[in-house]
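Accompanying notes for the structure given below.
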Amino acid sequence: MQTLLGTPASSGVRRARWTIVREEAPPAGGTITPEAVEAELERVAAARAAAADQLEAIAARIAAAGHPDEGAIFAAQAAMARDPMLAELTERRIRERLEDGIAATLAAAEEIAAQLRAIPDELLAARAADLTDVGLRIARLLAGRGDEPGPGLDAPAIVVARDIPPSVAATLPRERLLGFALETGSPTAHAAILARAYGIPAVVGVGGLIAALEQAVAAAGGRPVELAIDGDSGEVVIDPDEPTARRFDELAAASARAADRAIAEANLPAVTLDGADVTLLANIGTPDEAARCLALGARGVGLFRTEFLFLERATPPSEDEQLAAYRSVVEAFAPDPVTIRLLDIGGDKPIPYLPLEPEANPFLGVRALRLAATRPDLFVTQLRAAYRAATAGPVKVMAPMVADATDVELLLSLAAQARAGLDGEGLERGEVELGVMLEIPSAILVADTYFGRIAFGSLGTNDLLQYTVAVDRGNRALARYQDSLHPALLRLIRDAVEAAERAGVELSVCGEMAGDPVAALALVGLGVRKLSMAAGSLPLVRRTVRGARLADLRAAAEAALGEATASAIRARFEVLARA
Ligand code: PEP
Ligand code: MG
């Protein structure tokens with residue numbers, strides 16, 4: 001038996017047989033004569049078009065099979081195949097270096113992929129793999145190996161691989177796929193997204209897995225070697241012994257029971273024992289998360305992070321593309337509302353088509369709404385898409401990183417431009433409620449100067465805490481400041497609740513704090529009645545709220561406001577979260 005540790009990428013536990021899916025060797029490239037250049041260019045253009053057609057066909061097939069969001073991955077790859085940048089780089093290599101179509105295409109795709117990889121962002125790194133995959137597909141067509149790759153799974157198994165490109169992932173038979181264990185990849189890689197959509201476990205970043213498996217097989221002398229994976233802890237066990245096998249089976253049974261219970265309770269209201277109603281909403285980062293949130297009983301989306309639309313590419317998404325993404329979520333949740341958050345990117349997440357100056361302190365720099373000073377078009381387009389999506393159901397839009405009333409006026413003017421543009425063009429649109437993220441302390445301190453102008457505020461406690469205690473939210477060395485029950489944060493939240501009540505503005509919390517059952521009780525005690533969280537947090541928060549009494553929570557909140565430390569505050573609510 002050998003235990004390896006990877007990164008958990010899709011929840012669940014599985015012990016089973018496994019199969020290694022190997023990457024296909026790319027076709028070999030070569031060189032051509034100067035006379036052959038024009039003909040080679042034509043050949044490559046035809047192969048690119050054929051690859052794009054293939055990818056569109058796969059996208060349609062997968063969408064028709066009930067997985068529209070996985071289908072979208074291939075639609076995006078089709079767009080990559082048709083991307084003029086790929087065509088240009090390939091052409092240059094053929095003309096200038098006399099590389100043949102295969103060599104030039106593979107090198108050009110790799111050149112763009114390398115640019116994407118150089119950006120420290122997981123989503124973009126995953127897209128780099130897509131681009132390499134597209135290059136391979138075109139090269140295979142040029143080499144006359146145009147058939148889709150796709151290892152079969154002859155019996156149910158956990159798929160082990162270095163990485164799984166989307167074109168391969170899509171060909172794996174759903175009914176025989178028991179899980180993924182990958183040597184590379186991140187939780188945002190496609191295999192991980194696919195695993196979450198299918199509800200099967202996945203662990204990624206398991207270094208040395210394939211070699212270890214091969215050694216185990218050699219040492220086993222013909223005895224079958226099983227694999228056990230835990231998509232919640234990242235544990236991967238090769239050839240588990242009796243007690244380990246039993247532990248995994250128990251974990252698998254417990255996780256199946258917890259999932260059943262979560263679904264069974266999904267329709268119960270989050271109401272305290274003494275009748276205070278709390279609305280539980282979902283935080284999502286892509287449209288494909290909507291179905292799970294609905295299954296777990298979310299009553300709307302309190303935070304739809306839209307960065308995924310902007311980070312996955314070399315050019316900004318079109319209005320229609322955004323409309324499609326927003327509308328699919330709005331349709332899924334109607335008549336419950338969906339809160340779309342305007343783009344929150346900037347110095348900390350550079351993107352290829354936004355040339356931003358490097359900043360010494362990106363979190364204090366040109367981020368989120370602050371980008372509107374130089375690129376108002378990005379926000380107006382996004383708002384136009386949101387107003388158009390509002391014909392399908394209730395839509396709210398909130399601006400991230402609002403600091404004061406001037407930022408609010410900026411939001412309102414961008415929204416007015418979006419409406420005027422749509423109305424001028426005669427495009428159909430709905431009404432949208434406008435609000436702000438309360439994630440900068442100043443926004444709460446001066447809330448009374450602009451609350452009359454907006455419909456709602458949503459506390460982004462992740463950033464609010466980081467800006468209040470001056471601690472980078474990702475710096476593990478400063479963990480002691482990162483408990484959201486810090487007394488300073490509690491006082492700011494109390495101020496926000498009071499300002500919202502005075503102004504008649506709806507208030508919610510969409511930071512991670514809302515999904516922490518103990519902290520959620522503190523929020524309810526402070527007067528918050530709308531909590532938005534990752535889907536996986538919904539069941540436990542619901543159960544915790546249902547086991548508490550508002551009167552106790554209010555008293556504990558009152559006392560907590562006088563405490564000096566987060567741990568003392570946490571202790572007060574922990575005893576009330578024993579439901
Ligand atoms: C927050 O800051 O609390 C928040 C919800 O936004 P993000 O985590 O996307 O910055
Ligand atoms: Mg934030």
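Every chain in the structure tokens has a letter given in the order shown (A, B, ...), and although residue numbers restart at 1 in each chain, ligands are simply numbered from 1 in the order shown.
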
Residues of range 283-399 of chain A that have any atom at most 12 Å from an atom of range 456-460 of chain A: could you tabulate them with the shortest-distance atom pair and the distance in Å to one decimal, using only C-alpha atoms, ordered by chain and increasing number, as JSON lines?
```
{"residue": "A:Asn283", "atom": "CA", "partner": "A:Gly460", "partner_atom": "CA", "distance": 11.5}
{"residue": "A:Val301", "atom": "CA", "partner": "A:Ser458", "partner_atom": "CA", "distance": 11.8}
{"residue": "A:Gly302", "atom": "CA", "partner": "A:Ser458", "partner_atom": "CA", "distance": 8.1}
{"residue": "A:Leu303", "atom": "CA", "partner": "A:Ser458", "partner_atom": "CA", "distance": 8.7}
{"residue": "A:Arg305", "atom": "CA", "partner": "A:Gly460", "partner_atom": "CA", "distance": 11.9}
{"residue": "A:Thr339", "atom": "CA", "partner": "A:Ser458", "partner_atom": "CA", "distance": 9.8}
{"residue": "A:Ile340", "atom": "CA", "partner": "A:Ser458", "partner_atom": "CA", "distance": 11.6}
{"residue": "A:Arg341", "atom": "CA", "partner": "A:Ser458", "partner_atom": "CA", "distance": 10.3}
{"residue": "A:Lys396", "atom": "CA", "partner": "A:Phe456", "partner_atom": "CA", "distance": 8.9}
{"residue": "A:Val397", "atom": "CA", "partner": "A:Phe456", "partner_atom": "CA", "distance": 9.5}
{"residue": "A:Met398", "atom": "CA", "partner": "A:Gly457", "partner_atom": "CA", "distance": 7.9}
{"residue": "A:Ala399", "atom": "CA", "partner": "A:Gly457", "partner_atom": "CA", "distance": 9.5}
```

Could you turn the residues from that selection into a file that holds N, CA and C atoms, as an mmCIF file, in the first residue's frame?
```cif
data_model
loop_
_atom_site.group_PDB
_atom_site.id
_atom_site.type_symbol
_atom_site.label_atom_id
_atom_site.label_comp_id
_atom_site.auth_asym_id
_atom_site.auth_seq_id
_atom_site.Cartn_x
_atom_site.Cartn_y
_atom_site.Cartn_z
ATOM 1 N N ASN A 283 -23.603 31.200 -4.283
ATOM 2 C CA ASN A 283 -22.509 31.870 -5.000
ATOM 3 C C ASN A 283 -22.116 30.945 -6.137
ATOM 4 N N VAL A 301 -29.473 33.427 -6.709
ATOM 5 C CA VAL A 301 -28.018 33.574 -6.710
ATOM 6 C C VAL A 301 -27.681 34.927 -6.086
ATOM 7 N N GLY A 302 -26.921 34.888 -5.001
ATOM 8 C CA GLY A 302 -26.547 36.130 -4.335
ATOM 9 C C GLY A 302 -25.250 36.699 -4.870
ATOM 10 N N LEU A 303 -24.483 35.845 -5.564
ATOM 11 C CA LEU A 303 -23.228 36.315 -6.166
ATOM 12 C C LEU A 303 -22.906 35.431 -7.356
ATOM 13 N N ARG A 305 -20.145 35.357 -9.850
ATOM 14 C CA ARG A 305 -18.848 35.923 -10.232
ATOM 15 C C ARG A 305 -18.705 35.736 -11.735
ATOM 16 N N THR A 339 -28.077 37.557 -8.939
ATOM 17 C CA THR A 339 -27.286 38.770 -8.747
ATOM 18 C C THR A 339 -25.973 38.643 -9.506
ATOM 19 N N ILE A 340 -25.873 39.378 -10.579
ATOM 20 C CA ILE A 340 -24.665 39.341 -11.414
ATOM 21 C C ILE A 340 -23.683 40.377 -10.884
ATOM 22 N N ARG A 341 -22.483 39.938 -10.607
ATOM 23 C CA ARG A 341 -21.481 40.912 -10.166
ATOM 24 C C ARG A 341 -20.643 41.360 -11.363
ATOM 25 N N LYS A 396 -30.368 41.181 -10.725
ATOM 26 C CA LYS A 396 -29.768 42.291 -9.985
ATOM 27 C C LYS A 396 -28.334 42.396 -10.474
ATOM 28 N N VAL A 397 -27.790 43.593 -10.427
ATOM 29 C CA VAL A 397 -26.382 43.764 -10.803
ATOM 30 C C VAL A 397 -25.695 44.526 -9.697
ATOM 31 N N MET A 398 -24.539 44.028 -9.282
ATOM 32 C CA MET A 398 -23.804 44.789 -8.268
ATOM 33 C C MET A 398 -22.376 45.055 -8.717
ATOM 34 N N ALA A 399 -21.876 46.192 -8.246
ATOM 35 C CA ALA A 399 -20.514 46.581 -8.605
ATOM 36 C C ALA A 399 -19.571 46.184 -7.481
#
```

Can I get the residues close to ligand 2 as a short mmCIF file (atom, residue, chain, number, x, y, z; two decimals) with N, CA, C and O atoms, in the first residue's frame, where close means within 9 Å and we count only C-alpha atoms and all ligand atoms?
```cif
data_model
loop_
_atom_site.label_atom_id
_atom_site.label_comp_id
_atom_site.auth_asym_id
_atom_site.auth_seq_id
_atom_site.Cartn_x
_atom_site.Cartn_y
_atom_site.Cartn_z
N ASP A 344 -14.67 41.67 -11.80
CA ASP A 344 -13.74 41.99 -10.72
C ASP A 344 -12.36 41.45 -11.08
O ASP A 344 -11.94 40.41 -10.60
N PRO A 400 -18.44 45.57 -7.83
CA PRO A 400 -17.45 45.23 -6.81
C PRO A 400 -16.54 46.43 -6.52
O PRO A 400 -16.41 47.32 -7.36
N MET A 401 -15.92 46.43 -5.36
CA MET A 401 -14.92 47.43 -4.98
C MET A 401 -15.44 48.87 -5.05
O MET A 401 -14.79 49.76 -5.56
N MET A 437 -21.29 45.90 -3.83
CA MET A 437 -20.60 45.04 -2.88
C MET A 437 -20.10 45.94 -1.76
O MET A 437 -19.52 47.00 -2.02
N LEU A 438 -20.34 45.54 -0.54
CA LEU A 438 -19.79 46.28 0.60
C LEU A 438 -18.56 45.50 1.04
O LEU A 438 -18.65 44.55 1.80
N GLU A 439 -17.43 45.88 0.47
CA GLU A 439 -16.21 45.11 0.75
C GLU A 439 -15.01 46.01 1.00
O GLU A 439 -13.90 45.54 1.18
N ILE A 440 -15.27 47.31 1.02
CA ILE A 440 -14.23 48.27 1.41
C ILE A 440 -14.79 49.01 2.62
O ILE A 440 -15.94 49.49 2.58
N LEU A 459 -22.52 42.28 1.48
CA LEU A 459 -21.25 42.34 2.22
C LEU A 459 -20.27 41.30 1.68
O LEU A 459 -20.54 40.08 1.79
N GLY A 460 -19.18 41.76 1.10
CA GLY A 460 -18.12 40.86 0.62
C GLY A 460 -17.11 40.75 1.75
O GLY A 460 -16.13 41.48 1.81
N THR A 461 -17.39 39.83 2.65
CA THR A 461 -16.59 39.80 3.88
C THR A 461 -15.14 39.35 3.65
O THR A 461 -14.28 39.61 4.48
N ASN A 462 -14.88 38.70 2.50
CA ASN A 462 -13.49 38.27 2.25
C ASN A 462 -12.59 39.50 2.10
O ASN A 462 -11.56 39.62 2.75
N ASP A 463 -13.01 40.40 1.23
CA ASP A 463 -12.22 41.62 1.04
C ASP A 463 -12.41 42.58 2.20
O ASP A 463 -11.48 43.26 2.61
N LEU A 464 -13.62 42.63 2.72
CA LEU A 464 -13.87 43.58 3.82
C LEU A 464 -12.92 43.29 4.99
O LEU A 464 -12.36 44.21 5.59
N GLY A 511 -19.76 36.91 1.22
CA GLY A 511 -18.39 36.44 1.47
C GLY A 511 -18.43 35.04 2.07
O GLY A 511 -19.51 34.55 2.46
#
```

Inset, instruction - Using backbone DSSP assignments, extract all alpha helix (DSSP H) residues from range 204-278 of chain A; output them as a PyMOL selection string. - result: chain A and resi 209-220+242-265

Inset, instruction - For Ala228 in chain A, list every protein, DNA or RNA residue within 6 Å, evaluated using only C-alpha atoms, and leave out those in the same chain fewer than 3 positions away; present the list as a ChimeraX atom specification. - result: /A:14-15,236-237

Inset, instruction - Do a neighbour search on Leu427 in chain A at 12 Å with only C-alpha atoms, toss out local chain neighbours closer than 5 positions, and write the hits as a count of residues only. - result: 11

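Residues with any atom within 12 Å of Asn361 in chain A, counting only C-alpha atoms and excluding same-chain neighbours fewer than 2 positions away, are Gly346, Gly347, Asp348, Glu357, Pro358, Glu359, Phe363, Leu364, Gly365, Val366, Arg367 and Asp472 of chain A.
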
Legend entry - Glu91 in chain A surroundings by only C-alpha atoms, 12 Å radius, close-in-sequence under 5 positions cut, as a ChimeraX atom specification: /A:37-45,84-86,96-105,107-109

Grab the residues selected above and save them as a PDB file, in the first residue's frame with C-alpha atoms.
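result.pdb written:
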```pdb
ATOM      1  CA  VAL A  37       4.321  27.530 -49.110  1.00  0.00           C
ATOM      2  CA  GLU A  38       1.052  28.657 -50.682  1.00  0.00           C
ATOM      3  CA  ALA A  39      -0.327  25.137 -51.013  1.00  0.00           C
ATOM      4  CA  GLU A  40       0.667  24.375 -47.411  1.00  0.00           C
ATOM      5  CA  LEU A  41      -1.104  27.512 -46.211  1.00  0.00           C
ATOM      6  CA  GLU A  42      -4.285  26.361 -47.921  1.00  0.00           C
ATOM      7  CA  ARG A  43      -3.963  22.892 -46.458  1.00  0.00           C
ATOM      8  CA  VAL A  44      -3.549  24.314 -42.964  1.00  0.00           C
ATOM      9  CA  ALA A  45      -6.488  26.682 -43.357  1.00  0.00           C
ATOM     10  CA  PRO A  84      -7.004  34.786 -36.297  1.00  0.00           C
ATOM     11  CA  MET A  85      -4.025  34.938 -33.929  1.00  0.00           C
ATOM     12  CA  LEU A  86      -3.416  31.201 -34.329  1.00  0.00           C
ATOM     13  CA  GLU A  96       9.514  32.615 -42.565  1.00  0.00           C
ATOM     14  CA  ARG A  97      10.858  29.287 -41.330  1.00  0.00           C
ATOM     15  CA  LEU A  98       9.463  26.953 -43.984  1.00  0.00           C
ATOM     16  CA  GLU A  99       7.981  24.755 -41.275  1.00  0.00           C
ATOM     17  CA  ASP A 100       5.290  22.432 -42.541  1.00  0.00           C
ATOM     18  CA  GLY A 101       1.698  22.842 -41.400  1.00  0.00           C
ATOM     19  CA  ILE A 102       2.026  20.322 -38.567  1.00  0.00           C
ATOM     20  CA  ALA A 103       5.189  21.815 -37.071  1.00  0.00           C
ATOM     21  CA  ALA A 104       3.960  25.382 -37.542  1.00  0.00           C
ATOM     22  CA  THR A 105       0.529  24.712 -36.031  1.00  0.00           C
ATOM     23  CA  ALA A 107       4.479  25.589 -32.393  1.00  0.00           C
ATOM     24  CA  ALA A 108       2.000  28.449 -32.876  1.00  0.00           C
ATOM     25  CA  ALA A 109      -0.535  26.865 -30.507  1.00  0.00           C
TER      26      ALA A 109
END
```

Inset, instruction - Would you mind telling me which residue in A:Ala557, A:Val436, A:Leu116, A:Ala568 lies nearest to ligand 1 when using only C-alpha atoms and all ligand atoms? - result: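 Closest to ligand 1, using only C-alpha atoms and all ligand atoms: A:Val436.
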
Inset, instruction - Go ahead and compute the interatomic distance for CA of Glu558 in chain A and CA of Arg502 in chain A, in Å to one decimal. - result: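 Computing it gives 19.1 Å between the two atoms.
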
Legend entry - Counting only C-alpha atoms, the residue of A:Val541, A:Ser318, A:Leu131, A:Leu356 that sits nearest Val278 in chain A: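 For Val278 in chain A, the nearest of the candidates is A:Val541.
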
Inset, instruction - Find the spatial neighbours of range 530-538 of chain A, counting only C-alpha atoms, within a cut-off of 8 Å - ignore same-chain residues fewer than 5 positions away - and output them as an MDAnalysis selection string. - result: chainID A and resid 278:284 292:293 296:298 301:303 507:512 514:516 520

Go ahead and write the residues just picked, N, CA, C and O atoms, as a compact mmCIF listing (two decimals), in the first residue's frame.
```
# COMPACT_ATOMS: atom_id res chain seq x y z
N VAL A 278 -34.62 33.00 7.10
CA VAL A 278 -33.36 33.40 6.49
C VAL A 278 -33.39 32.87 5.05
O VAL A 278 -33.79 31.73 4.82
N THR A 279 -33.00 33.71 4.10
CA THR A 279 -32.99 33.26 2.71
C THR A 279 -31.58 32.79 2.36
O THR A 279 -30.61 33.54 2.53
N LEU A 280 -31.48 31.56 1.91
CA LEU A 280 -30.17 31.03 1.52
C LEU A 280 -30.02 31.10 0.00
O LEU A 280 -30.85 30.59 -0.75
N LEU A 281 -28.96 31.77 -0.41
CA LEU A 281 -28.69 31.98 -1.83
C LEU A 281 -27.36 31.32 -2.18
O LEU A 281 -26.60 30.95 -1.30
N ALA A 282 -27.11 31.22 -3.49
CA ALA A 282 -25.88 30.54 -3.91
C ALA A 282 -24.87 31.51 -4.50
O ALA A 282 -25.24 32.50 -5.13
N ASN A 283 -23.60 31.20 -4.28
CA ASN A 283 -22.51 31.87 -5.00
C ASN A 283 -22.12 30.94 -6.14
O ASN A 283 -21.85 29.76 -5.90
N ILE A 284 -22.06 31.48 -7.35
CA ILE A 284 -21.60 30.62 -8.45
C ILE A 284 -20.52 31.36 -9.25
O ILE A 284 -20.46 32.59 -9.23
N ARG A 292 -26.69 22.26 -9.46
CA ARG A 292 -26.40 21.71 -8.13
C ARG A 292 -26.96 22.64 -7.05
O ARG A 292 -27.49 22.19 -6.03
N CYS A 293 -26.83 23.96 -7.26
CA CYS A 293 -27.33 24.92 -6.27
C CYS A 293 -28.84 24.76 -6.11
O CYS A 293 -29.37 24.80 -5.00
N LEU A 296 -29.73 21.75 -4.18
CA LEU A 296 -29.46 21.90 -2.75
C LEU A 296 -30.31 23.00 -2.12
O LEU A 296 -30.09 23.40 -0.98
N GLY A 297 -31.26 23.51 -2.89
CA GLY A 297 -32.27 24.40 -2.31
C GLY A 297 -31.91 25.88 -2.26
O GLY A 297 -32.49 26.62 -1.46
N ALA A 298 -31.01 26.34 -3.10
CA ALA A 298 -30.72 27.79 -3.13
C ALA A 298 -31.94 28.53 -3.65
O ALA A 298 -32.59 28.08 -4.59
N VAL A 301 -29.47 33.43 -6.71
CA VAL A 301 -28.02 33.57 -6.71
C VAL A 301 -27.68 34.93 -6.09
O VAL A 301 -28.13 35.96 -6.56
N GLY A 302 -26.92 34.89 -5.00
CA GLY A 302 -26.55 36.13 -4.33
C GLY A 302 -25.25 36.70 -4.87
O GLY A 302 -24.94 37.87 -4.66
N LEU A 303 -24.48 35.85 -5.56
CA LEU A 303 -23.23 36.32 -6.17
C LEU A 303 -22.91 35.43 -7.36
O LEU A 303 -22.62 34.24 -7.20
N LEU A 507 -30.10 43.99 2.36
CA LEU A 507 -28.71 43.66 2.68
C LEU A 507 -28.51 42.14 2.68
O LEU A 507 -29.34 41.40 3.19
N SER A 508 -27.40 41.71 2.11
CA SER A 508 -27.06 40.28 2.18
C SER A 508 -25.56 40.16 2.44
O SER A 508 -24.85 41.15 2.44
N VAL A 509 -25.13 38.92 2.69
CA VAL A 509 -23.70 38.65 2.83
C VAL A 509 -23.34 37.59 1.80
O VAL A 509 -24.01 36.56 1.70
N CYS A 510 -22.29 37.84 1.02
CA CYS A 510 -21.89 36.85 0.02
C CYS A 510 -20.43 36.42 0.18
O CYS A 510 -19.92 35.66 -0.63
N GLY A 511 -19.76 36.91 1.22
CA GLY A 511 -18.39 36.44 1.47
C GLY A 511 -18.43 35.04 2.07
O GLY A 511 -19.51 34.55 2.46
N GLU A 512 -17.26 34.41 2.18
CA GLU A 512 -17.18 33.05 2.72
C GLU A 512 -17.81 32.93 4.10
O GLU A 512 -18.25 31.86 4.52
N ALA A 514 -20.58 33.74 5.18
CA ALA A 514 -21.98 33.29 5.16
C ALA A 514 -22.08 31.77 5.10
O ALA A 514 -23.08 31.19 5.53
N GLY A 515 -21.06 31.12 4.56
CA GLY A 515 -21.10 29.66 4.42
C GLY A 515 -20.49 28.92 5.60
O GLY A 515 -20.46 27.70 5.62
N ASP A 516 -19.97 29.67 6.57
CA ASP A 516 -19.42 29.08 7.78
C ASP A 516 -20.57 29.03 8.80
O ASP A 516 -21.08 30.07 9.22
N ALA A 520 -22.38 32.20 10.27
CA ALA A 520 -23.71 32.50 9.73
C ALA A 520 -24.68 32.83 10.87
O ALA A 520 -25.52 33.72 10.75
```

Legend entry - A:Ala72, A:Gly12, A:Ala368, A:Arg137 ranked by distance to Arg48 in chain A, top pick (using only C-alpha atoms): A:Arg137

Inset, instruction - May I ask which of the residues A:Arg117, A:Arg22, A:Arg93, A:Arg473 is the closest one to ligand 1, counting only C-alpha atoms and all ligand atoms? - result: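 Closest to ligand 1, using only C-alpha atoms and all ligand atoms: A:Arg473.
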
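Nearest to Tyr450 in chain A of all the residues A:Arg299, A:Asp404, A:Gly424, A:Gly474 is A:Asp404, based on only C-alpha atoms.
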